[in-house]
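Peer 1: This is coords.cif (mmCIF, C-alpha atoms).
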```cif
data_entry
#
loop_
_atom_site.label_atom_id
_atom_site.label_comp_id
_atom_site.auth_asym_id
_atom_site.auth_seq_id
_atom_site.Cartn_x
_atom_site.Cartn_y
_atom_site.Cartn_z
CA MET H 136 2.08 -26.04 1.32
CA SER H 137 -1.56 -25.42 0.33
CA THR H 138 -2.04 -22.50 2.74
CA ARG H 139 -1.97 -19.23 0.86
CA VAL H 140 0.91 -16.81 1.38
CA ALA H 141 1.07 -13.02 1.21
CA LEU H 142 4.16 -10.81 1.21
CA VAL H 143 3.50 -7.32 2.60
CA THR H 144 6.15 -4.61 2.30
CA GLY H 145 6.26 -1.74 4.77
CA GLY H 146 4.53 -4.19 7.07
CA GLY H 147 5.86 -3.15 10.45
CA ARG H 148 3.14 -0.59 11.17
CA GLY H 149 0.18 1.31 9.82
CA ILE H 150 -1.69 0.06 6.78
CA GLY H 151 0.88 -2.66 6.11
CA LEU H 152 0.55 -4.17 9.58
CA ALA H 153 -3.24 -3.92 9.50
CA THR H 154 -3.19 -5.72 6.14
CA ALA H 155 -0.92 -8.46 7.48
CA ARG H 156 -3.30 -8.94 10.40
CA ARG H 157 -6.23 -9.22 7.99
CA PHE H 158 -4.48 -11.94 5.98
CA LEU H 159 -3.62 -13.85 9.15
CA GLU H 160 -7.19 -13.65 10.38
CA GLU H 161 -8.28 -15.27 7.12
CA GLY H 162 -5.85 -18.16 7.60
CA TRP H 163 -3.07 -16.99 5.27
CA GLN H 164 0.62 -17.10 6.08
CA VAL H 165 2.50 -13.80 5.83
CA ALA H 166 6.00 -12.63 4.98
CA LEU H 167 6.29 -9.26 6.69
CA LEU H 168 8.92 -6.94 5.21
CA ASP H 169 10.22 -3.65 6.57
CA VAL H 170 13.39 -1.56 6.38
CA ASP H 171 13.43 -0.63 10.09
CA PRO H 172 14.38 -3.53 12.40
CA ASP H 173 12.77 -2.00 15.48
CA VAL H 174 9.51 -1.25 13.68
CA LEU H 175 9.49 -4.75 12.19
CA ALA H 176 10.10 -6.41 15.56
CA SER H 177 7.41 -4.29 17.21
CA GLY H 178 4.91 -5.08 14.47
CA VAL H 179 5.48 -8.81 14.68
CA ALA H 180 5.27 -8.65 18.48
CA SER H 181 1.86 -7.01 18.19
CA LEU H 182 0.61 -10.07 16.31
CA SER H 183 0.43 -11.98 19.55
CA GLY H 184 -0.74 -15.52 20.08
CA PRO H 185 -1.61 -17.75 17.10
CA LEU H 186 -1.40 -14.89 14.62
CA ALA H 187 2.38 -14.64 15.04
CA SER H 188 3.30 -18.23 14.23
CA PRO H 189 2.85 -18.07 10.41
CA VAL H 190 4.85 -14.82 10.07
CA LEU H 191 8.24 -14.58 8.36
CA GLU H 192 10.21 -11.42 9.27
CA LEU H 193 12.12 -9.86 6.36
CA LEU H 194 14.45 -6.91 6.89
CA CYS H 195 14.79 -5.26 3.48
CA ASP H 196 15.09 -1.96 1.63
CA VAL H 197 12.77 -2.39 -1.35
CA SER H 198 14.94 -0.11 -3.49
CA ASP H 199 17.87 -2.56 -3.16
CA ALA H 200 17.57 -5.18 -5.90
CA ALA H 201 19.87 -7.70 -4.18
CA ALA H 202 17.99 -7.36 -0.88
CA VAL H 203 14.67 -7.81 -2.65
CA GLU H 204 15.87 -10.99 -4.37
CA HIS H 205 17.08 -12.32 -1.03
CA ALA H 206 13.74 -11.55 0.65
CA VAL H 207 11.75 -13.38 -2.02
CA ARG H 208 14.19 -16.29 -1.88
CA ARG H 209 13.63 -16.58 1.87
CA THR H 210 9.88 -16.50 1.28
CA ARG H 211 10.22 -19.38 -1.16
CA GLU H 212 12.38 -21.35 1.28
CA ARG H 213 9.95 -20.83 4.15
CA PHE H 214 6.59 -21.20 2.43
CA GLY H 215 7.25 -22.67 -1.02
CA ARG H 216 4.74 -20.40 -2.70
CA LEU H 217 3.44 -16.85 -2.99
CA ASP H 218 -0.14 -15.88 -3.73
CA ALA H 219 -0.27 -12.15 -3.01
CA LEU H 220 2.18 -9.27 -3.06
CA VAL H 221 1.20 -6.01 -1.35
CA ASN H 222 3.57 -3.19 -2.29
CA ASN H 223 2.90 -0.91 0.65
CA ALA H 224 6.38 0.40 1.53
CA GLY H 225 6.69 4.10 0.86
CA ILE H 226 8.21 7.35 2.02
CA ALA H 227 7.26 11.00 1.76
CA ILE H 228 9.40 14.13 1.68
CA PHE H 229 7.18 17.21 1.78
CA LYS H 230 8.90 20.28 0.33
CA PRO H 231 8.04 23.01 -2.18
CA LEU H 232 8.95 22.09 -5.74
CA LEU H 233 11.76 24.62 -5.93
CA GLU H 234 13.26 23.38 -2.66
CA THR H 235 13.07 19.66 -3.44
CA THR H 236 16.61 18.41 -4.07
CA GLN H 237 17.58 15.78 -6.57
CA GLU H 238 18.50 13.58 -3.63
CA ASP H 239 14.97 14.00 -2.22
CA TRP H 240 13.45 13.23 -5.61
CA ASN H 241 15.62 10.17 -6.23
CA ARG H 242 14.98 8.65 -2.80
CA VAL H 243 11.21 9.05 -2.96
CA LEU H 244 11.00 7.51 -6.45
CA ALA H 245 13.45 4.76 -5.49
CA VAL H 246 11.23 3.54 -2.67
CA ASN H 247 7.75 4.37 -3.98
CA LEU H 248 8.20 3.37 -7.63
CA THR H 249 11.38 1.38 -8.15
CA GLY H 250 10.60 -0.67 -5.03
CA PRO H 251 7.31 -2.09 -6.39
CA PHE H 252 9.00 -2.66 -9.76
CA LEU H 253 11.81 -4.70 -8.18
CA MET H 254 9.45 -6.57 -5.86
CA THR H 255 7.27 -7.53 -8.81
CA GLN H 256 10.19 -8.74 -10.90
CA ALA H 257 11.40 -10.92 -8.02
CA ALA H 258 8.01 -12.18 -6.83
CA ALA H 259 6.07 -12.77 -10.08
CA PRO H 260 7.97 -15.94 -11.09
CA LEU H 261 7.24 -17.52 -7.70
CA MET H 262 3.59 -16.54 -7.96
CA ALA H 263 3.41 -17.96 -11.49
CA GLU H 264 4.75 -21.31 -10.29
CA GLY H 265 1.66 -21.67 -8.15
CA GLY H 266 -0.73 -20.73 -10.95
CA GLY H 267 -0.81 -16.99 -10.37
CA GLY H 268 -2.00 -14.60 -7.72
CA ALA H 269 -2.56 -10.92 -7.07
CA ILE H 270 -0.49 -7.78 -6.71
CA VAL H 271 -1.87 -4.75 -4.90
CA ASN H 272 0.12 -1.51 -5.02
CA ILE H 273 -0.58 1.12 -2.38
CA ALA H 274 -0.52 4.54 -4.02
CA SER H 275 -2.22 7.64 -2.65
CA ILE H 276 -4.92 10.12 -3.44
CA SER H 277 -1.93 12.43 -4.05
CA GLY H 278 -1.37 10.52 -7.28
CA LEU H 279 -4.80 11.60 -8.47
CA ARG H 280 -4.94 15.14 -7.08
CA ALA H 281 -2.01 17.55 -7.00
CA SER H 282 -1.29 18.97 -3.58
CA THR H 283 1.05 21.47 -1.98
CA LEU H 284 4.54 20.19 -1.05
CA ARG H 285 4.10 16.81 -2.75
CA VAL H 286 5.92 17.09 -6.05
CA ALA H 287 8.06 13.98 -5.50
CA TYR H 288 5.53 12.00 -3.49
CA GLY H 289 2.54 12.72 -5.71
CA THR H 290 4.48 12.08 -8.91
CA SER H 291 5.78 8.76 -7.58
CA LYS H 292 2.26 7.65 -6.70
CA ALA H 293 0.83 8.70 -10.06
CA ALA H 294 3.56 6.68 -11.76
CA LEU H 295 2.80 3.72 -9.51
CA MET H 296 -0.77 3.77 -10.79
CA HIS H 297 0.50 3.43 -14.34
CA LEU H 298 2.93 0.69 -13.30
CA THR H 299 -0.12 -1.15 -11.97
CA LYS H 300 -1.72 -1.08 -15.41
CA GLN H 301 1.51 -2.33 -17.00
CA GLN H 302 1.63 -5.17 -14.49
CA ALA H 303 -1.98 -6.08 -15.21
CA VAL H 304 -1.43 -6.17 -18.96
CA GLU H 305 1.88 -8.02 -18.95
CA LEU H 306 1.33 -10.50 -16.13
CA ALA H 307 -2.20 -11.63 -16.96
CA ALA H 308 -0.87 -14.52 -19.03
CA LEU H 309 0.83 -15.81 -15.86
CA GLY H 310 -2.45 -15.75 -13.96
CA ILE H 311 -1.42 -12.65 -11.99
CA ARG H 312 -3.83 -9.78 -11.43
CA ALA H 313 -2.62 -6.29 -10.45
CA ASN H 314 -4.62 -3.49 -8.89
CA CYS H 315 -3.92 -0.30 -7.00
CA VAL H 316 -5.44 1.17 -3.85
CA ALA H 317 -5.20 4.95 -3.44
CA PRO H 318 -5.85 5.86 0.19
CA GLY H 319 -7.12 9.24 1.20
CA PRO H 320 -6.39 10.56 4.69
CA VAL H 321 -6.05 7.61 7.07
CA ASP H 322 -5.81 7.72 10.86
CA THR H 323 -2.34 6.22 11.07
CA ALA H 324 0.11 7.03 13.85
CA MET H 325 2.01 9.23 11.40
CA ALA H 326 -1.09 11.22 10.47
CA LYS H 327 -1.95 11.71 14.13
CA ALA H 328 1.55 13.04 14.74
CA VAL H 329 1.81 15.49 11.83
CA HIS H 330 -1.76 16.56 11.03
CA THR H 331 -2.68 19.56 13.15
CA PRO H 332 -6.33 20.13 14.16
CA GLU H 333 -6.52 22.75 11.40
CA ILE H 334 -5.29 20.28 8.75
CA ARG H 335 -7.70 17.63 9.97
CA ALA H 336 -10.56 20.11 9.81
CA ASP H 337 -9.62 20.99 6.22
CA TYR H 338 -9.65 17.32 5.23
CA HIS H 339 -12.94 16.68 7.00
CA ALA H 340 -14.55 19.60 5.20
CA ALA H 341 -13.35 18.31 1.80
CA MET H 342 -14.57 14.72 2.21
CA PRO H 343 -18.22 13.68 1.78
CA LEU H 344 -17.86 11.10 4.58
CA ASN H 345 -16.38 13.85 6.78
CA ARG H 346 -13.77 11.68 8.53
CA TYR H 347 -10.41 9.98 8.18
CA GLY H 348 -10.29 6.36 7.10
CA LEU H 349 -9.22 3.54 9.39
CA GLU H 350 -6.24 1.29 8.77
CA SER H 351 -8.61 -1.68 9.00
CA GLU H 352 -10.79 -0.22 6.21
CA LEU H 353 -7.78 -0.03 3.91
CA ALA H 354 -6.81 -3.58 4.90
CA ASP H 355 -10.29 -4.81 3.96
CA ALA H 356 -10.02 -3.29 0.48
CA ILE H 357 -6.52 -4.69 -0.04
CA PHE H 358 -7.50 -8.16 1.10
CA TYR H 359 -10.55 -8.14 -1.15
CA LEU H 360 -8.42 -7.37 -4.21
CA CYS H 361 -6.09 -10.25 -3.31
CA SER H 362 -8.95 -12.70 -2.80
CA GLU H 363 -10.81 -14.87 -5.27
CA ARG H 364 -13.81 -12.57 -4.90
CA ALA H 365 -11.90 -10.08 -7.07
CA SER H 366 -10.96 -12.69 -9.68
CA TYR H 367 -12.18 -10.57 -12.62
CA ILE H 368 -10.69 -7.26 -11.44
CA THR H 369 -7.30 -6.21 -12.76
CA GLY H 370 -5.61 -3.01 -13.88
CA GLN H 371 -7.79 -0.82 -11.67
CA VAL H 372 -7.07 2.09 -9.34
CA ILE H 373 -9.52 2.16 -6.44
CA ALA H 374 -9.61 5.28 -4.27
CA VAL H 375 -10.41 4.38 -0.67
CA ASP H 376 -10.79 7.97 0.44
CA GLY H 377 -14.22 8.80 1.83
CA GLY H 378 -15.12 10.44 -1.48
CA PHE H 379 -12.23 12.94 -1.36
CA GLU H 380 -11.17 12.45 -5.00
CA ALA H 381 -14.75 12.86 -6.20
CA THR H 382 -15.34 16.26 -4.62
CA GLY H 383 -15.58 19.51 -6.54
CA ILE H 384 -15.40 23.24 -5.92
CA GLY H 385 -18.13 24.52 -3.64
CA LEU H 386 -19.01 21.15 -2.19
CA THR H 387 -18.07 22.15 1.35
CA THR H 388 -20.29 25.24 1.29
CA LEU H 389 -23.20 23.41 -0.29
CA ARG H 390 -22.99 20.62 2.29
CA ALA H 391 -22.90 23.15 5.13
CA GLU H 392 -25.96 24.96 3.74
CA ARG H 393 -27.82 21.69 3.38
CA ARG H 394 -27.17 20.77 7.00
CA ASN H 395 -28.78 24.04 8.05
CA LEU H 396 -31.99 23.48 6.10
#
```
Could you express the structure from this file as structure tokens?

Peer 2:
Amino acid sequence: MSTRVALVTGGGRGIGLATARRFLEEGWQVALLDVDPDVLASGVASLSGPLASPVLELLCDVSDAAAVEHAVRRTRERFGRLDALVNNAGIAIFKPLLETTQEDWNRVLAVNLTGPFLMTQAAAPLMAEGGGGAIVNIASISGLRASTLRVAYGTSKAALMHLTKQQAVELAALGIRANCVAPGPVDTAMAKAVHTPEIRADYHAAMPLNRYGLESELADAIFYLCSERASYITGQVIAVDGGFEATGIGLTTLRAERRNL
């Protein structure tokens, strides 16, 4: 009962799975939540050996309030406590603004914004019973910088950043901290599938570190914010993006010229 517990949504693959693995490596127990049963089963199977034993599988759509309540109830029944909530589940529909349907808009906001809201409402009381904990919301650099085809996605992530600040302000009295990680381009399986060489080159040119991030690098940042080492950090948005958000006009050309000196 004294072993710490994390609940990770969208945990069947990518950043969520890497984060679950990081918690397990540090001796935490993990409730792994995903909406896709095959992805969830595959993710848990990849946590082979001793890492798999402390994992609770939760099949859940985070935009479904009843399903969310059930998932948190199962977490309570299995572990008796909750110390960290990582709101990682998210979807993206990339269309021009004038072609984005209301159905597209509603679904993206339901998962990316309403999902973390519902998860927090369900999980915070359990966290408070144990003296508090940490919430980390996974937004995106698209919530800080507007980008083509991302009207629903970018808006949902910008709103999630503000939700983080509301959580930090309102839950502090319960001993709960809330922070937000905004990833830049990350070398996930999805990015490898949809980012053409030309798109990757564009991103590389725009980032001071000149590369995509690794899932493990995002997991390290998320785990840090959930740990006691971040005990005085709350209400913050941290871009883990290779410097992408910090760049300005002309940076690519100036960097190229400097390399040739």

Peer 1: Residue by residue, what does the PyMOL selection byres ((chain H and resi 165) around 6) grab here? Present the result as JSON, numbers by chain.

Peer 2: {"H": [140, 141, 142, 164, 166, 167, 190]}

Peer 1: Just say which residues the PyMOL selection byres ((chain H and resi 278) around 12) picks in this file, as a PyMOL selection string.

Peer 2: chain H and resi 247-248+273-277+279-282+285-297+315-319+372-374+380

Peer 1: Please report the interatomic distance between CA of Ala341 (chain H) and CA of Thr299 (chain H) in Å with one decimal.

Peer 2: 27.3 Å

Peer 1: Under the PyMOL selection byres ((chain H and resi 196) around 12), which residues of this model are included? Write them out as number ranges by chain.

Peer 2: H: 144-145, 168-172, 193-195, 197-206, 224-226, 242, 245-247, 249-251, 253-254

Peer 1: Can you tell me how far CA of Leu261 (chain H) sits from CA of Leu217 (chain H), in Å to one decimal?

Peer 2: 6.1 Å

Peer 1: Have a look at H:Leu284, H:Ala263, H:Val221, H:Ile228 and name the one nearest to Ile311 (chain H); count all atoms listed in the file.

Peer 2: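 The answer is H:Ala263, which sits nearest to Ile311 (chain H).
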
Peer 1: Using all atoms listed in the file for the distances, tell me which of H:Val375, H:Ala258, H:Leu309, H:His330 is nearest to Ala354 (chain H).

Peer 2: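 Closest candidate: H:Val375.
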
Peer 1: Pick out the residues sitting within 9 Å of Tyr347 (chain H), and hand them over as a PyMOL selection string; count all atoms listed in the file, and ignore anything fewer than 6 positions along from it in its own chain.

Peer 2: chain H and resi 319-322+335+338-339+376-377

Peer 1: Could you write those residues out with C-alpha atoms, as an mmCIF file, in the coordinates of the input?

Peer 2:
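Output file part.cif is given in full below:
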```cif
data_model
loop_
_atom_site.group_PDB
_atom_site.id
_atom_site.type_symbol
_atom_site.label_atom_id
_atom_site.label_comp_id
_atom_site.auth_asym_id
_atom_site.auth_seq_id
_atom_site.Cartn_x
_atom_site.Cartn_y
_atom_site.Cartn_z
ATOM 1 C CA GLY H 319 -7.120 9.240 1.200
ATOM 2 C CA PRO H 320 -6.390 10.560 4.690
ATOM 3 C CA VAL H 321 -6.050 7.610 7.070
ATOM 4 C CA ASP H 322 -5.810 7.720 10.860
ATOM 5 C CA ARG H 335 -7.700 17.630 9.970
ATOM 6 C CA TYR H 338 -9.650 17.320 5.230
ATOM 7 C CA HIS H 339 -12.940 16.680 7.000
ATOM 8 C CA ASP H 376 -10.790 7.970 0.440
ATOM 9 C CA GLY H 377 -14.220 8.800 1.830
#
```

Peer 1: At what distance in Å, to one decimal, does CA of Asp173 (chain H) lie from CA of Ala328 (chain H)?

Peer 2: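 So the answer is 18.8 Å.
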
Peer 1: Of the candidates H:Ala336, H:Ala307, H:Thr283, H:Thr255, which one gets nearest to Lys230 (chain H) if we count only C-alpha atoms?

Peer 2: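 Comparing H:Ala336, H:Ala307, H:Thr283, H:Thr255 against Lys230 (chain H), the winner is H:Thr283.
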
Peer 1: Need to verify the contact set: Val179 (chain H), 12 Å, only C-alpha atoms, exclusion of same-chain residues closer than 2 positions in sequence. Can you return it as an MDAnalysis selection string?

Peer 2: chainID H and resid 146:148 151:153 155:156 159 165:169 172:177 181:193

Peer 1: For Asn223 (chain H), which residue out of H:Phe158, H:Leu353, H:Glu305, H:Arg312 is the nearest one, using all atoms listed in the file?

Peer 2: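 Smallest separation from Asn223 (chain H) among the options: H:Leu353.
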
Peer 1: Which one of H:Arg364, H:Thr382, H:Lys327, H:Gln256 sits closest to Met342 (chain H) if you count only C-alpha atoms?

Peer 2: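 Closest candidate: H:Thr382.
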
Peer 1: Which residues come within 10 Å of Glu363 (chain H), counting only C-alpha atoms, excluding same-chain residues fewer than 5 positions away, as a list in words?

Peer 2: Gly268, Ala269, Phe358 and Ile368 of chain H

Peer 1: Could you please take those selected residues and save C-alpha atoms as a CSV table (one decimal), keeping the file's coordinate frame?

Peer 2:
```csv
chain,number,residue,atom,x,y,z
H,268,GLY,CA,-2.0,-14.6,-7.7
H,269,ALA,CA,-2.6,-10.9,-7.1
H,358,PHE,CA,-7.5,-8.2,1.1
H,368,ILE,CA,-10.7,-7.3,-11.4
```

Peer 1: Could you please fill out region 152-179 of chain H with N, CA and C atoms and send it back as an mmCIF file, in the coordinates of the input?

Peer 2:
```cif
data_model
loop_
_atom_site.group_PDB
_atom_site.id
_atom_site.type_symbol
_atom_site.label_atom_id
_atom_site.label_comp_id
_atom_site.auth_asym_id
_atom_site.auth_seq_id
_atom_site.Cartn_x
_atom_site.Cartn_y
_atom_site.Cartn_z
ATOM 1 N N LEU H 152 0.776 -3.262 8.459
ATOM 2 C CA LEU H 152 0.550 -4.170 9.580
ATOM 3 C C LEU H 152 -0.913 -4.560 9.685
ATOM 4 N N ALA H 153 -1.805 -3.607 9.471
ATOM 5 C CA ALA H 153 -3.240 -3.920 9.500
ATOM 6 C C ALA H 153 -3.598 -4.921 8.402
ATOM 7 N N THR H 154 -2.949 -4.783 7.246
ATOM 8 C CA THR H 154 -3.190 -5.720 6.140
ATOM 9 C C THR H 154 -2.660 -7.102 6.476
ATOM 10 N N ALA H 155 -1.471 -7.172 7.067
ATOM 11 C CA ALA H 155 -0.920 -8.460 7.480
ATOM 12 C C ALA H 155 -1.849 -9.134 8.478
ATOM 13 N N ARG H 156 -2.371 -8.361 9.417
ATOM 14 C CA ARG H 156 -3.300 -8.940 10.400
ATOM 15 C C ARG H 156 -4.549 -9.482 9.718
ATOM 16 N N ARG H 157 -5.027 -8.771 8.720
ATOM 17 C CA ARG H 157 -6.230 -9.220 7.990
ATOM 18 C C ARG H 157 -5.982 -10.546 7.280
ATOM 19 N N PHE H 158 -4.821 -10.672 6.628
ATOM 20 C CA PHE H 158 -4.480 -11.940 5.980
ATOM 21 C C PHE H 158 -4.419 -13.069 7.004
ATOM 22 N N LEU H 159 -3.779 -12.810 8.131
ATOM 23 C CA LEU H 159 -3.620 -13.850 9.150
ATOM 24 C C LEU H 159 -4.975 -14.278 9.701
ATOM 25 N N GLU H 160 -5.859 -13.332 9.882
ATOM 26 C CA GLU H 160 -7.190 -13.650 10.380
ATOM 27 C C GLU H 160 -7.957 -14.540 9.414
ATOM 28 N N GLU H 161 -7.627 -14.442 8.136
ATOM 29 C CA GLU H 161 -8.280 -15.270 7.120
ATOM 30 C C GLU H 161 -7.559 -16.592 6.891
ATOM 31 N N GLY H 162 -6.533 -16.878 7.691
ATOM 32 C CA GLY H 162 -5.850 -18.160 7.600
ATOM 33 C C GLY H 162 -4.666 -18.197 6.663
ATOM 34 N N TRP H 163 -4.253 -17.043 6.130
ATOM 35 C CA TRP H 163 -3.070 -16.990 5.270
ATOM 36 C C TRP H 163 -1.800 -16.991 6.119
ATOM 37 N N GLN H 164 -0.692 -17.315 5.505
ATOM 38 C CA GLN H 164 0.620 -17.100 6.080
ATOM 39 C C GLN H 164 1.187 -15.806 5.483
ATOM 40 N N VAL H 165 2.058 -15.133 6.241
ATOM 41 C CA VAL H 165 2.500 -13.800 5.830
ATOM 42 C C VAL H 165 4.003 -13.653 5.967
ATOM 43 N N ALA H 166 4.628 -13.128 4.922
ATOM 44 C CA ALA H 166 6.000 -12.630 4.980
ATOM 45 C C ALA H 166 5.906 -11.133 5.178
ATOM 46 N N LEU H 167 6.418 -10.655 6.313
ATOM 47 C CA LEU H 167 6.290 -9.260 6.690
ATOM 48 C C LEU H 167 7.637 -8.572 6.490
ATOM 49 N N LEU H 168 7.668 -7.576 5.615
ATOM 50 C CA LEU H 168 8.920 -6.940 5.210
ATOM 51 C C LEU H 168 8.926 -5.481 5.641
ATOM 52 N N ASP H 169 10.068 -5.049 6.208
ATOM 53 C CA ASP H 169 10.220 -3.650 6.570
ATOM 54 C C ASP H 169 11.697 -3.298 6.569
ATOM 55 N N VAL H 170 12.003 -2.007 6.417
ATOM 56 C CA VAL H 170 13.390 -1.560 6.380
ATOM 57 C C VAL H 170 13.931 -1.240 7.772
ATOM 58 N N ASP H 171 13.041 -1.022 8.732
ATOM 59 C CA ASP H 171 13.430 -0.630 10.090
ATOM 60 C C ASP H 171 13.322 -1.843 11.016
ATOM 61 N N PRO H 172 14.431 -2.325 11.575
ATOM 62 C CA PRO H 172 14.380 -3.530 12.400
ATOM 63 C C PRO H 172 13.527 -3.381 13.649
ATOM 64 N N ASP H 173 13.562 -2.202 14.273
ATOM 65 C CA ASP H 173 12.770 -2.000 15.480
ATOM 66 C C ASP H 173 11.276 -1.976 15.171
ATOM 67 N N VAL H 174 10.919 -1.296 14.087
ATOM 68 C CA VAL H 174 9.510 -1.250 13.680
ATOM 69 C C VAL H 174 9.024 -2.645 13.300
ATOM 70 N N LEU H 175 9.857 -3.397 12.591
ATOM 71 C CA LEU H 175 9.490 -4.750 12.190
ATOM 72 C C LEU H 175 9.277 -5.637 13.409
ATOM 73 N N ALA H 176 10.205 -5.588 14.359
ATOM 74 C CA ALA H 176 10.100 -6.410 15.560
ATOM 75 C C ALA H 176 8.853 -6.042 16.367
ATOM 76 N N SER H 177 8.581 -4.746 16.478
ATOM 77 C CA SER H 177 7.410 -4.290 17.210
ATOM 78 C C SER H 177 6.122 -4.739 16.538
ATOM 79 N N GLY H 178 6.102 -4.658 15.201
ATOM 80 C CA GLY H 178 4.910 -5.080 14.470
ATOM 81 C C GLY H 178 4.627 -6.553 14.641
ATOM 82 N N VAL H 179 5.657 -7.368 14.515
ATOM 83 C CA VAL H 179 5.480 -8.810 14.680
ATOM 84 C C VAL H 179 5.046 -9.123 16.110
#
```
